[in-house]
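The structure file run13.pdb is reproduced below (PDB, N, CA and C atoms).
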```pdb
ATOM      1  N   MET A   1       4.972 -20.123  24.788
ATOM      2  CA  MET A   1       5.246 -18.710  24.785
ATOM      3  C   MET A   1       5.775 -18.253  23.439
ATOM      4  N   PHE A   2       6.630 -19.053  22.830
ATOM      5  CA  PHE A   2       7.196 -18.681  21.546
ATOM      6  C   PHE A   2       6.114 -18.561  20.479
ATOM      7  N   LYS A   3       5.147 -19.471  20.495
ATOM      8  CA  LYS A   3       4.086 -19.427  19.491
ATOM      9  C   LYS A   3       3.254 -18.164  19.634
ATOM     10  N   ARG A   4       3.016 -17.729  20.837
ATOM     11  CA  ARG A   4       2.225 -16.515  21.054
ATOM     12  C   ARG A   4       2.944 -15.291  20.500
ATOM     13  N   ILE A   5       4.221 -15.169  20.761
ATOM     14  CA  ILE A   5       4.998 -14.040  20.239
ATOM     15  C   ILE A   5       5.008 -14.083  18.721
ATOM     16  N   PHE A   6       5.183 -15.273  18.160
ATOM     17  CA  PHE A   6       5.196 -15.422  16.710
ATOM     18  C   PHE A   6       3.863 -14.990  16.119
ATOM     19  N   PHE A   7       2.742 -15.364  16.761
ATOM     20  CA  PHE A   7       1.425 -14.990  16.267
ATOM     21  C   PHE A   7       1.240 -13.484  16.275
ATOM     22  N   ILE A   8       1.681 -12.820  17.319
ATOM     23  CA  ILE A   8       1.551 -11.372  17.406
ATOM     24  C   ILE A   8       2.372 -10.705  16.305
ATOM     25  N   LYS A   9       3.595 -11.181  16.069
ATOM     26  CA  LYS A   9       4.416 -10.586  15.021
ATOM     27  C   LYS A   9       3.798 -10.808  13.644
ATOM     28  N   MET A  10       3.211 -11.974  13.402
ATOM     29  CA  MET A  10       2.572 -12.230  12.117
ATOM     30  C   MET A  10       1.395 -11.286  11.899
ATOM     31  N   SER A  11       0.625 -10.988  12.935
ATOM     32  CA  SER A  11      -0.482 -10.052  12.802
ATOM     33  C   SER A  11       0.025  -8.676  12.428
ATOM     34  N   ALA A  12       1.125  -8.256  13.050
ATOM     35  CA  ALA A  12       1.676  -6.944  12.735
ATOM     36  C   ALA A  12       2.174  -6.895  11.302
ATOM     37  N   ILE A  13       2.779  -7.979  10.834
ATOM     38  CA  ILE A  13       3.281  -8.002   9.466
ATOM     39  C   ILE A  13       2.134  -7.947   8.466
ATOM     40  N   THR A  14       1.076  -8.700   8.683
ATOM     41  CA  THR A  14      -0.022  -8.679   7.732
ATOM     42  C   THR A  14      -0.716  -7.322   7.735
ATOM     43  N   THR A  15      -0.852  -6.707   8.889
ATOM     44  CA  THR A  15      -1.451  -5.376   8.950
ATOM     45  C   THR A  15      -0.573  -4.366   8.213
ATOM     46  N   ARG A  16       0.721  -4.488   8.380
ATOM     47  CA  ARG A  16       1.644  -3.593   7.685
ATOM     48  C   ARG A  16       1.551  -3.796   6.173
ATOM     49  N   LYS A  17       1.442  -5.038   5.748
ATOM     50  CA  LYS A  17       1.323  -5.325   4.321
ATOM     51  C   LYS A  17       0.015  -4.770   3.763
ATOM     52  N   ILE A  18      -1.049  -4.902   4.519
ATOM     53  CA  ILE A  18      -2.330  -4.361   4.074
ATOM     54  C   ILE A  18      -2.243  -2.850   3.929
ATOM     55  N   ASN A  19      -1.627  -2.186   4.908
ATOM     56  CA  ASN A  19      -1.504  -0.737   4.831
ATOM     57  C   ASN A  19      -0.658  -0.305   3.643
ATOM     58  N   SER A  20       0.410  -1.029   3.362
ATOM     59  CA  SER A  20       1.243  -0.660   2.215
ATOM     60  C   SER A  20       0.504  -0.926   0.905
ATOM     61  N   GLU A  21      -0.284  -1.994   0.853
ATOM     62  CA  GLU A  21      -1.075  -2.260  -0.353
ATOM     63  C   GLU A  21      -2.117  -1.155  -0.568
ATOM     64  N   LEU A  22      -2.723  -0.673   0.510
ATOM     65  CA  LEU A  22      -3.677   0.433   0.377
ATOM     66  C   LEU A  22      -2.977   1.703  -0.100
ATOM     67  N   ARG A  23      -1.754   1.903   0.347
ATOM     68  CA  ARG A  23      -0.969   3.051  -0.116
ATOM     69  C   ARG A  23      -0.657   2.908  -1.605
ATOM     70  N   TYR A  24      -0.354   1.692  -2.040
ATOM     71  CA  TYR A  24      -0.096   1.456  -3.458
ATOM     72  C   TYR A  24      -1.346   1.717  -4.291
ATOM     73  N   HIS A  25      -2.515   1.367  -3.752
ATOM     74  CA  HIS A  25      -3.770   1.683  -4.450
ATOM     75  C   HIS A  25      -3.918   3.192  -4.613
ATOM     76  N   ALA A  26      -3.619   3.942  -3.556
ATOM     77  CA  ALA A  26      -3.727   5.401  -3.626
ATOM     78  C   ALA A  26      -2.759   5.961  -4.669
ATOM     79  N   LEU A  27      -1.562   5.397  -4.741
ATOM     80  CA  LEU A  27      -0.585   5.853  -5.723
ATOM     81  C   LEU A  27      -1.073   5.561  -7.136
ATOM     82  N   GLN A  28      -1.630   4.385  -7.355
ATOM     83  CA  GLN A  28      -2.124   4.053  -8.689
ATOM     84  C   GLN A  28      -3.334   4.909  -9.082
ATOM     85  N   GLU A  29      -4.186   5.221  -8.114
ATOM     86  CA  GLU A  29      -5.324   6.101  -8.407
ATOM     87  C   GLU A  29      -4.854   7.509  -8.744
ATOM     88  N   ARG A  30      -3.855   7.981  -8.018
ATOM     89  CA  ARG A  30      -3.297   9.313  -8.290
ATOM     90  C   ARG A  30      -2.636   9.355  -9.663
ATOM     91  N   TYR A  31      -1.957   8.258 -10.040
ATOM     92  CA  TYR A  31      -1.360   8.157 -11.376
ATOM     93  C   TYR A  31      -2.441   8.276 -12.442
ATOM     94  N   HIS A  32      -3.550   7.569 -12.237
ATOM     95  CA  HIS A  32      -4.649   7.615 -13.203
ATOM     96  C   HIS A  32      -5.177   9.037 -13.370
ATOM     97  N   VAL A  33      -5.312   9.759 -12.262
ATOM     98  CA  VAL A  33      -5.813  11.135 -12.328
ATOM     99  C   VAL A  33      -4.826  12.030 -13.087
ATOM    100  N   LEU A  34      -3.562  11.944 -12.742
ATOM    101  CA  LEU A  34      -2.571  12.821 -13.370
ATOM    102  C   LEU A  34      -2.350  12.496 -14.839
ATOM    103  N   TYR A  35      -2.258  11.228 -15.167
ATOM    104  CA  TYR A  35      -1.892  10.841 -16.528
ATOM    105  C   TYR A  35      -3.085  10.828 -17.471
ATOM    106  N   ASN A  36      -4.207  10.274 -17.042
ATOM    107  CA  ASN A  36      -5.357  10.114 -17.939
ATOM    108  C   ASN A  36      -6.315  11.298 -17.911
ATOM    109  N   GLU A  37      -6.485  11.934 -16.774
ATOM    110  CA  GLU A  37      -7.452  13.028 -16.697
ATOM    111  C   GLU A  37      -6.804  14.396 -16.876
ATOM    112  N   LYS A  38      -5.666  14.631 -16.227
ATOM    113  CA  LYS A  38      -4.993  15.923 -16.376
ATOM    114  C   LYS A  38      -4.047  15.957 -17.572
ATOM    115  N   ARG A  39      -3.788  14.779 -18.175
ATOM    116  CA  ARG A  39      -3.014  14.637 -19.405
ATOM    117  C   ARG A  39      -1.583  15.172 -19.292
ATOM    118  N   LEU A  40      -0.933  14.874 -18.164
ATOM    119  CA  LEU A  40       0.469  15.252 -17.993
ATOM    120  C   LEU A  40       1.368  14.212 -18.656
ATOM    121  N   ARG A  41       2.605  14.615 -18.972
ATOM    122  CA  ARG A  41       3.572  13.678 -19.544
ATOM    123  C   ARG A  41       3.984  12.658 -18.499
ATOM    124  N   LEU A  42       4.432  11.499 -18.969
ATOM    125  CA  LEU A  42       4.767  10.403 -18.066
ATOM    126  C   LEU A  42       5.882  10.774 -17.098
ATOM    127  N   ASP A  43       6.934  11.422 -17.579
ATOM    128  CA  ASP A  43       8.035  11.776 -16.677
ATOM    129  C   ASP A  43       7.607  12.806 -15.642
ATOM    130  N   ASP A  44       6.699  13.718 -16.015
ATOM    131  CA  ASP A  44       6.179  14.678 -15.039
ATOM    132  C   ASP A  44       5.307  13.993 -13.984
ATOM    133  N   VAL A  45       4.525  13.021 -14.430
ATOM    134  CA  VAL A  45       3.668  12.278 -13.504
ATOM    135  C   VAL A  45       4.515  11.487 -12.512
ATOM    136  N   LEU A  46       5.548  10.800 -13.006
ATOM    137  CA  LEU A  46       6.406  10.009 -12.126
ATOM    138  C   LEU A  46       7.154  10.897 -11.137
ATOM    139  N   GLU A  47       7.602  12.053 -11.581
ATOM    140  CA  GLU A  47       8.285  12.992 -10.681
ATOM    141  C   GLU A  47       7.324  13.495  -9.602
ATOM    142  N   SER A  48       6.097  13.829 -10.001
ATOM    143  CA  SER A  48       5.097  14.311  -9.048
ATOM    144  C   SER A  48       4.759  13.236  -8.011
ATOM    145  N   LEU A  49       4.582  11.985  -8.469
ATOM    146  CA  LEU A  49       4.262  10.891  -7.550
ATOM    147  C   LEU A  49       5.412  10.599  -6.600
ATOM    148  N   SER A  50       6.643  10.689  -7.087
ATOM    149  CA  SER A  50       7.779  10.424  -6.201
ATOM    150  C   SER A  50       7.890  11.501  -5.123
ATOM    151  N   LEU A  51       7.513  12.720  -5.441
ATOM    152  CA  LEU A  51       7.527  13.785  -4.428
ATOM    153  C   LEU A  51       6.345  13.660  -3.465
ATOM    154  N   GLU A  52       5.176  13.290  -3.982
ATOM    155  CA  GLU A  52       3.980  13.170  -3.139
ATOM    156  C   GLU A  52       4.073  12.027  -2.140
ATOM    157  N   PHE A  53       4.593  10.891  -2.590
ATOM    158  CA  PHE A  53       4.600   9.691  -1.753
ATOM    159  C   PHE A  53       5.962   9.412  -1.127
ATOM    160  N   TYR A  54       6.908  10.308  -1.300
ATOM    161  CA  TYR A  54       8.254  10.181  -0.721
ATOM    162  C   TYR A  54       8.916   8.861  -1.129
ATOM    163  N   LEU A  55       8.841   8.555  -2.407
ATOM    164  CA  LEU A  55       9.448   7.347  -2.945
ATOM    165  C   LEU A  55      10.391   7.721  -4.075
ATOM    166  N   GLY A  56      11.288   6.827  -4.389
ATOM    167  CA  GLY A  56      12.174   7.044  -5.520
ATOM    168  C   GLY A  56      11.458   6.810  -6.840
ATOM    169  N   TYR A  57      12.063   7.286  -7.901
ATOM    170  CA  TYR A  57      11.506   7.181  -9.243
ATOM    171  C   TYR A  57      11.281   5.720  -9.616
ATOM    172  N   GLU A  58      12.274   4.869  -9.376
ATOM    173  CA  GLU A  58      12.167   3.451  -9.718
ATOM    174  C   GLU A  58      11.126   2.735  -8.853
ATOM    175  N   SER A  59      11.015   3.119  -7.586
ATOM    176  CA  SER A  59      10.005   2.505  -6.712
ATOM    177  C   SER A  59       8.602   2.805  -7.216
ATOM    178  N   VAL A  60       8.386   4.023  -7.680
ATOM    179  CA  VAL A  60       7.072   4.393  -8.223
ATOM    180  C   VAL A  60       6.771   3.549  -9.454
ATOM    181  N   ARG A  61       7.745   3.369 -10.322
ATOM    182  CA  ARG A  61       7.544   2.560 -11.532
ATOM    183  C   ARG A  61       7.221   1.107 -11.176
ATOM    184  N   LYS A  62       7.890   0.556 -10.159
ATOM    185  CA  LYS A  62       7.620  -0.828  -9.749
ATOM    186  C   LYS A  62       6.204  -0.970  -9.205
ATOM    187  N   ILE A  63       5.768   0.000  -8.403
ATOM    188  CA  ILE A  63       4.424  -0.050  -7.827
ATOM    189  C   ILE A  63       3.369   0.053  -8.927
ATOM    190  N   LEU A  64       3.620   0.886  -9.927
ATOM    191  CA  LEU A  64       2.650   1.035 -11.013
ATOM    192  C   LEU A  64       2.532  -0.242 -11.841
ATOM    193  N   ARG A  65       3.591  -1.015 -11.947
ATOM    194  CA  ARG A  65       3.556  -2.273 -12.697
ATOM    195  C   ARG A  65       2.967  -3.418 -11.884
ATOM    196  N   LYS A  66       2.887  -3.248 -10.571
ATOM    197  CA  LYS A  66       2.479  -4.330  -9.676
ATOM    198  C   LYS A  66       0.975  -4.574  -9.755
ATOM    199  N   ARG A  67       0.601  -5.853  -9.771
ATOM    200  CA  ARG A  67      -0.813  -6.220  -9.691
ATOM    201  C   ARG A  67      -1.182  -6.302  -8.214
ATOM    202  N   LEU A  68      -2.186  -5.545  -7.803
ATOM    203  CA  LEU A  68      -2.530  -5.427  -6.391
ATOM    204  C   LEU A  68      -3.726  -6.296  -6.030
ATOM    205  N   ILE A  69      -3.818  -6.583  -4.735
ATOM    206  CA  ILE A  69      -4.986  -7.277  -4.181
ATOM    207  C   ILE A  69      -6.157  -6.295  -4.239
ATOM    208  N   PRO A  70      -7.356  -6.755  -4.576
ATOM    209  CA  PRO A  70      -8.503  -5.836  -4.633
ATOM    210  C   PRO A  70      -8.709  -5.085  -3.313
ATOM    211  N   LYS A  71      -9.091  -3.830  -3.433
ATOM    212  CA  LYS A  71      -9.200  -2.944  -2.274
ATOM    213  C   LYS A  71     -10.235  -3.431  -1.261
ATOM    214  N   GLU A  72     -11.348  -3.967  -1.727
ATOM    215  CA  GLU A  72     -12.397  -4.438  -0.815
ATOM    216  C   GLU A  72     -11.881  -5.581   0.059
ATOM    217  N   THR A  73     -11.102  -6.479  -0.544
ATOM    218  CA  THR A  73     -10.531  -7.595   0.208
ATOM    219  C   THR A  73      -9.576  -7.082   1.277
ATOM    220  N   LEU A  74      -8.783  -6.096   0.930
ATOM    221  CA  LEU A  74      -7.834  -5.531   1.893
ATOM    222  C   LEU A  74      -8.549  -4.893   3.079
ATOM    223  N   LEU A  75      -9.607  -4.150   2.797
ATOM    224  CA  LEU A  75     -10.339  -3.479   3.875
ATOM    225  C   LEU A  75     -11.018  -4.491   4.803
ATOM    226  N   GLU A  76     -11.560  -5.568   4.240
ATOM    227  CA  GLU A  76     -12.164  -6.608   5.080
ATOM    228  C   GLU A  76     -11.113  -7.265   5.971
ATOM    229  N   GLN A  77      -9.958  -7.573   5.394
ATOM    230  CA  GLN A  77      -8.884  -8.201   6.157
ATOM    231  C   GLN A  77      -8.361  -7.270   7.243
ATOM    232  N   LEU A  78      -8.294  -5.976   6.945
ATOM    233  CA  LEU A  78      -7.834  -5.000   7.934
ATOM    234  C   LEU A  78      -8.787  -4.935   9.120
ATOM    235  N   LYS A  79     -10.099  -4.961   8.858
ATOM    236  CA  LYS A  79     -11.081  -4.976   9.948
ATOM    237  C   LYS A  79     -10.920  -6.225  10.802
ATOM    238  N   LYS A  80     -10.697  -7.355  10.149
ATOM    239  CA  LYS A  80     -10.537  -8.609  10.870
ATOM    240  C   LYS A  80      -9.260  -8.589  11.723
ATOM    241  N   ASN A  81      -8.168  -8.079  11.190
ATOM    242  CA  ASN A  81      -6.911  -8.017  11.932
ATOM    243  C   ASN A  81      -6.999  -7.059  13.114
ATOM    244  N   LYS A  82      -7.640  -5.925  12.938
ATOM    245  CA  LYS A  82      -7.732  -4.961  14.031
ATOM    246  C   LYS A  82      -8.610  -5.482  15.153
ATOM    247  N   ALA A  83      -9.596  -6.311  14.812
ATOM    248  CA  ALA A  83     -10.479  -6.836  15.828
ATOM    249  C   ALA A  83      -9.761  -7.900  16.680
ATOM    250  N   THR A  84      -8.857  -8.672  16.081
ATOM    251  CA  THR A  84      -8.202  -9.756  16.813
ATOM    252  C   THR A  84      -6.834  -9.380  17.348
ATOM    253  N   TYR A  85      -6.261  -8.287  16.916
ATOM    254  CA  TYR A  85      -4.898  -7.921  17.302
ATOM    255  C   TYR A  85      -4.904  -7.319  18.699
ATOM    256  N   THR A  86      -4.089  -7.881  19.613
ATOM    257  CA  THR A  86      -4.072  -7.415  20.983
ATOM    258  C   THR A  86      -2.909  -6.490  21.271
ATOM    259  N   GLY A  87      -1.975  -6.393  20.385
ATOM    260  CA  GLY A  87      -0.808  -5.546  20.596
ATOM    261  C   GLY A  87       0.394  -6.333  21.080
ATOM    262  N   CYS A  88       1.528  -5.749  20.969
ATOM    263  CA  CYS A  88       2.782  -6.408  21.355
ATOM    264  C   CYS A  88       3.229  -5.844  22.694
ATOM    265  N   ARG A  89       3.566  -6.711  23.615
ATOM    266  CA  ARG A  89       3.972  -6.266  24.947
ATOM    267  C   ARG A  89       5.427  -6.386  25.146
TER     268      ARG A  89
END
```
Structure rendered as structure tokens:
Amino acid sequence: MFKRIFFIKMSAITTRKINSELRYHALQERYHVLYNEKRLRLDDVLESLSLEFYLGYESVRKILRKRLIPKETLLEQLKKNKATYTGCR
């Protein structure tokens, strides 16, 4: 019984991690649009991202420095997790 509960919790954690990684991809794409295409100053871009994503200034900077898992890999893993995940009872 313990192993089954542990397996369910691990599935939820990996799904949560995948979702947060996808959110980080969206933040990095938005940074690229604001900074490189709209040519805003760095402090204005960071302020805008912190308001858009409800994160602190330092959290946004950490996410921008982070090397992320490729988006295609994340989407494949998410499909696999949703297909096998039965839910927590």
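One distance worth recording is that between atom CA of Asn19 of chain A and atom CA of Phe53 of chain A, which is 13.8 Å.
Proximity to Leu46 of chain A at 8 Å, evaluated using only N, CA and C atoms and with sequence-adjacent residues fewer than 2 positions away removed, yields Tyr31, Leu40, Arg41, Leu42, Asp43, Asp44, Ser48, Leu49, Ser50, Leu51, Glu52, Gly56, Tyr57, Val60 and Arg61 of chain A.
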- Contacts of His25 of chain A at 8 Å (only C-alpha atoms; same-chain gap of 4+ positions) as a list in words: Glu21, Glu29, Leu68 and Lys71 of chain A
- For this file, the PyMOL selection byres (((chain A and resi 77-79 and name CA) around 10) and name CA) selects which residues, as a list in words? Thr14, Thr15, Arg16, Lys17, Ile18, Asn19, Lys71, Glu72, Thr73, Leu74, Leu75, Glu76, Lys80, Asn81, Lys82, Ala83 and Thr84 of chain A
Using DSSP on the backbone coordinates, identify all residues within segment 2-85 of chain A classified as helix (DSSP H, G or I); present the result as a CSV table (one decimal) with N, CA and C atoms, in the frame of the given file.
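Full text of part31.csv as output:
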```csv
chain,number,residue,atom,x,y,z
A,2,PHE,N,6.6,-19.1,22.8
A,2,PHE,CA,7.2,-18.7,21.5
A,2,PHE,C,6.1,-18.6,20.5
A,3,LYS,N,5.1,-19.5,20.5
A,3,LYS,CA,4.1,-19.4,19.5
A,3,LYS,C,3.3,-18.2,19.6
A,4,ARG,N,3.0,-17.7,20.8
A,4,ARG,CA,2.2,-16.5,21.1
A,4,ARG,C,2.9,-15.3,20.5
A,5,ILE,N,4.2,-15.2,20.8
A,5,ILE,CA,5.0,-14.0,20.2
A,5,ILE,C,5.0,-14.1,18.7
A,6,PHE,N,5.2,-15.3,18.2
A,6,PHE,CA,5.2,-15.4,16.7
A,6,PHE,C,3.9,-15.0,16.1
A,7,PHE,N,2.7,-15.4,16.8
A,7,PHE,CA,1.4,-15.0,16.3
A,7,PHE,C,1.2,-13.5,16.3
A,8,ILE,N,1.7,-12.8,17.3
A,8,ILE,CA,1.6,-11.4,17.4
A,8,ILE,C,2.4,-10.7,16.3
A,9,LYS,N,3.6,-11.2,16.1
A,9,LYS,CA,4.4,-10.6,15.0
A,9,LYS,C,3.8,-10.8,13.6
A,10,MET,N,3.2,-12.0,13.4
A,10,MET,CA,2.6,-12.2,12.1
A,10,MET,C,1.4,-11.3,11.9
A,11,SER,N,0.6,-11.0,12.9
A,11,SER,CA,-0.5,-10.1,12.8
A,11,SER,C,0.0,-8.7,12.4
A,12,ALA,N,1.1,-8.3,13.0
A,12,ALA,CA,1.7,-6.9,12.7
A,12,ALA,C,2.2,-6.9,11.3
A,13,ILE,N,2.8,-8.0,10.8
A,13,ILE,CA,3.3,-8.0,9.5
A,13,ILE,C,2.1,-7.9,8.5
A,14,THR,N,1.1,-8.7,8.7
A,14,THR,CA,0.0,-8.7,7.7
A,14,THR,C,-0.7,-7.3,7.7
A,15,THR,N,-0.9,-6.7,8.9
A,15,THR,CA,-1.5,-5.4,9.0
A,15,THR,C,-0.6,-4.4,8.2
A,16,ARG,N,0.7,-4.5,8.4
A,16,ARG,CA,1.6,-3.6,7.7
A,16,ARG,C,1.6,-3.8,6.2
A,17,LYS,N,1.4,-5.0,5.7
A,17,LYS,CA,1.3,-5.3,4.3
A,17,LYS,C,0.0,-4.8,3.8
A,18,ILE,N,-1.0,-4.9,4.5
A,18,ILE,CA,-2.3,-4.4,4.1
A,18,ILE,C,-2.2,-2.8,3.9
A,19,ASN,N,-1.6,-2.2,4.9
A,19,ASN,CA,-1.5,-0.7,4.8
A,19,ASN,C,-0.7,-0.3,3.6
A,20,SER,N,0.4,-1.0,3.4
A,20,SER,CA,1.2,-0.7,2.2
A,20,SER,C,0.5,-0.9,0.9
A,21,GLU,N,-0.3,-2.0,0.9
A,21,GLU,CA,-1.1,-2.3,-0.4
A,21,GLU,C,-2.1,-1.2,-0.6
A,22,LEU,N,-2.7,-0.7,0.5
A,22,LEU,CA,-3.7,0.4,0.4
A,22,LEU,C,-3.0,1.7,-0.1
A,23,ARG,N,-1.8,1.9,0.3
A,23,ARG,CA,-1.0,3.1,-0.1
A,23,ARG,C,-0.7,2.9,-1.6
A,24,TYR,N,-0.4,1.7,-2.0
A,24,TYR,CA,-0.1,1.5,-3.5
A,24,TYR,C,-1.3,1.7,-4.3
A,25,HIS,N,-2.5,1.4,-3.8
A,25,HIS,CA,-3.8,1.7,-4.4
A,25,HIS,C,-3.9,3.2,-4.6
A,26,ALA,N,-3.6,3.9,-3.6
A,26,ALA,CA,-3.7,5.4,-3.6
A,26,ALA,C,-2.8,6.0,-4.7
A,27,LEU,N,-1.6,5.4,-4.7
A,27,LEU,CA,-0.6,5.9,-5.7
A,27,LEU,C,-1.1,5.6,-7.1
A,28,GLN,N,-1.6,4.4,-7.4
A,28,GLN,CA,-2.1,4.1,-8.7
A,28,GLN,C,-3.3,4.9,-9.1
A,29,GLU,N,-4.2,5.2,-8.1
A,29,GLU,CA,-5.3,6.1,-8.4
A,29,GLU,C,-4.9,7.5,-8.7
A,30,ARG,N,-3.9,8.0,-8.0
A,30,ARG,CA,-3.3,9.3,-8.3
A,30,ARG,C,-2.6,9.4,-9.7
A,31,TYR,N,-2.0,8.3,-10.0
A,31,TYR,CA,-1.4,8.2,-11.4
A,31,TYR,C,-2.4,8.3,-12.4
A,32,HIS,N,-3.6,7.6,-12.2
A,32,HIS,CA,-4.6,7.6,-13.2
A,32,HIS,C,-5.2,9.0,-13.4
A,33,VAL,N,-5.3,9.8,-12.3
A,33,VAL,CA,-5.8,11.1,-12.3
A,33,VAL,C,-4.8,12.0,-13.1
A,34,LEU,N,-3.6,11.9,-12.7
A,34,LEU,CA,-2.6,12.8,-13.4
A,34,LEU,C,-2.4,12.5,-14.8
A,35,TYR,N,-2.3,11.2,-15.2
A,35,TYR,CA,-1.9,10.8,-16.5
A,35,TYR,C,-3.1,10.8,-17.5
A,36,ASN,N,-4.2,10.3,-17.0
A,36,ASN,CA,-5.4,10.1,-17.9
A,36,ASN,C,-6.3,11.3,-17.9
A,37,GLU,N,-6.5,11.9,-16.8
A,37,GLU,CA,-7.5,13.0,-16.7
A,37,GLU,C,-6.8,14.4,-16.9
A,42,LEU,N,4.4,11.5,-19.0
A,42,LEU,CA,4.8,10.4,-18.1
A,42,LEU,C,5.9,10.8,-17.1
A,43,ASP,N,6.9,11.4,-17.6
A,43,ASP,CA,8.0,11.8,-16.7
A,43,ASP,C,7.6,12.8,-15.6
A,44,ASP,N,6.7,13.7,-16.0
A,44,ASP,CA,6.2,14.7,-15.0
A,44,ASP,C,5.3,14.0,-14.0
A,45,VAL,N,4.5,13.0,-14.4
A,45,VAL,CA,3.7,12.3,-13.5
A,45,VAL,C,4.5,11.5,-12.5
A,46,LEU,N,5.5,10.8,-13.0
A,46,LEU,CA,6.4,10.0,-12.1
A,46,LEU,C,7.2,10.9,-11.1
A,47,GLU,N,7.6,12.1,-11.6
A,47,GLU,CA,8.3,13.0,-10.7
A,47,GLU,C,7.3,13.5,-9.6
A,48,SER,N,6.1,13.8,-10.0
A,48,SER,CA,5.1,14.3,-9.0
A,48,SER,C,4.8,13.2,-8.0
A,49,LEU,N,4.6,12.0,-8.5
A,49,LEU,CA,4.3,10.9,-7.6
A,49,LEU,C,5.4,10.6,-6.6
A,50,SER,N,6.6,10.7,-7.1
A,50,SER,CA,7.8,10.4,-6.2
A,50,SER,C,7.9,11.5,-5.1
A,51,LEU,N,7.5,12.7,-5.4
A,51,LEU,CA,7.5,13.8,-4.4
A,51,LEU,C,6.3,13.7,-3.5
A,52,GLU,N,5.2,13.3,-4.0
A,52,GLU,CA,4.0,13.2,-3.1
A,52,GLU,C,4.1,12.0,-2.1
A,57,TYR,N,12.1,7.3,-7.9
A,57,TYR,CA,11.5,7.2,-9.2
A,57,TYR,C,11.3,5.7,-9.6
A,58,GLU,N,12.3,4.9,-9.4
A,58,GLU,CA,12.2,3.5,-9.7
A,58,GLU,C,11.1,2.7,-8.9
A,59,SER,N,11.0,3.1,-7.6
A,59,SER,CA,10.0,2.5,-6.7
A,59,SER,C,8.6,2.8,-7.2
A,60,VAL,N,8.4,4.0,-7.7
A,60,VAL,CA,7.1,4.4,-8.2
A,60,VAL,C,6.8,3.5,-9.5
A,61,ARG,N,7.7,3.4,-10.3
A,61,ARG,CA,7.5,2.6,-11.5
A,61,ARG,C,7.2,1.1,-11.2
A,62,LYS,N,7.9,0.6,-10.2
A,62,LYS,CA,7.6,-0.8,-9.7
A,62,LYS,C,6.2,-1.0,-9.2
A,63,ILE,N,5.8,0.0,-8.4
A,63,ILE,CA,4.4,0.0,-7.8
A,63,ILE,C,3.4,0.1,-8.9
A,64,LEU,N,3.6,0.9,-9.9
A,64,LEU,CA,2.6,1.0,-11.0
A,64,LEU,C,2.5,-0.2,-11.8
A,65,ARG,N,3.6,-1.0,-11.9
A,65,ARG,CA,3.6,-2.3,-12.7
A,65,ARG,C,3.0,-3.4,-11.9
A,71,LYS,N,-9.1,-3.8,-3.4
A,71,LYS,CA,-9.2,-2.9,-2.3
A,71,LYS,C,-10.2,-3.4,-1.3
A,72,GLU,N,-11.3,-4.0,-1.7
A,72,GLU,CA,-12.4,-4.4,-0.8
A,72,GLU,C,-11.9,-5.6,0.1
A,73,THR,N,-11.1,-6.5,-0.5
A,73,THR,CA,-10.5,-7.6,0.2
A,73,THR,C,-9.6,-7.1,1.3
A,74,LEU,N,-8.8,-6.1,0.9
A,74,LEU,CA,-7.8,-5.5,1.9
A,74,LEU,C,-8.5,-4.9,3.1
A,75,LEU,N,-9.6,-4.2,2.8
A,75,LEU,CA,-10.3,-3.5,3.9
A,75,LEU,C,-11.0,-4.5,4.8
A,76,GLU,N,-11.6,-5.6,4.2
A,76,GLU,CA,-12.2,-6.6,5.1
A,76,GLU,C,-11.1,-7.3,6.0
A,77,GLN,N,-10.0,-7.6,5.4
A,77,GLN,CA,-8.9,-8.2,6.2
A,77,GLN,C,-8.4,-7.3,7.2
A,78,LEU,N,-8.3,-6.0,6.9
A,78,LEU,CA,-7.8,-5.0,7.9
A,78,LEU,C,-8.8,-4.9,9.1
A,79,LYS,N,-10.1,-5.0,8.9
A,79,LYS,CA,-11.1,-5.0,9.9
A,79,LYS,C,-10.9,-6.2,10.8
A,80,LYS,N,-10.7,-7.4,10.1
A,80,LYS,CA,-10.5,-8.6,10.9
A,80,LYS,C,-9.3,-8.6,11.7
A,81,ASN,N,-8.2,-8.1,11.2
A,81,ASN,CA,-6.9,-8.0,11.9
A,81,ASN,C,-7.0,-7.1,13.1
A,82,LYS,N,-7.6,-5.9,12.9
A,82,LYS,CA,-7.7,-5.0,14.0
A,82,LYS,C,-8.6,-5.5,15.2
A,83,ALA,N,-9.6,-6.3,14.8
A,83,ALA,CA,-10.5,-6.8,15.8
A,83,ALA,C,-9.8,-7.9,16.7
A,84,THR,N,-8.9,-8.7,16.1
A,84,THR,CA,-8.2,-9.8,16.8
A,84,THR,C,-6.8,-9.4,17.3
```
- Query: Could you work out how far atom C of Glu58 of chain A lies from atom C of Asn36 of chain A, giving the answer in Å with one decimal?
  - Reply: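 For atom C of Asn36 of chain A relative to atom C of Glu58 of chain A, the distance reads 21.4 Å.
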Need the axis-aligned box for segment 52-66 of chain A with 3 Å each side, so what are the centre and edges in Å to one decimal, as JSON?
```
{"center_x": 6.6, "center_y": 4.4, "center_z": -6.7, "size_x": 17.3, "size_y": 23.9, "size_z": 18.0}
```
- Check the smallest atom-to-atom distance from each of A:Val33, A:Leu27, A:Leu22, A:Leu55 to Ile69 of chain A using only C-alpha atoms, then report the winner.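 The answer is A:Leu22, which sits nearest to Ile69 of chain A.
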- Quote the spacing between atom CA of Lys66 of chain A and atom N of Tyr54 of chain A in Å to one decimal place.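 So the answer is 17.4 Å.
Distances from A:Arg39, A:Val45, A:Leu34, A:Tyr24 to Pro70 of chain A were compared using only C-alpha atoms, and the smallest one belongs to A:Tyr24.
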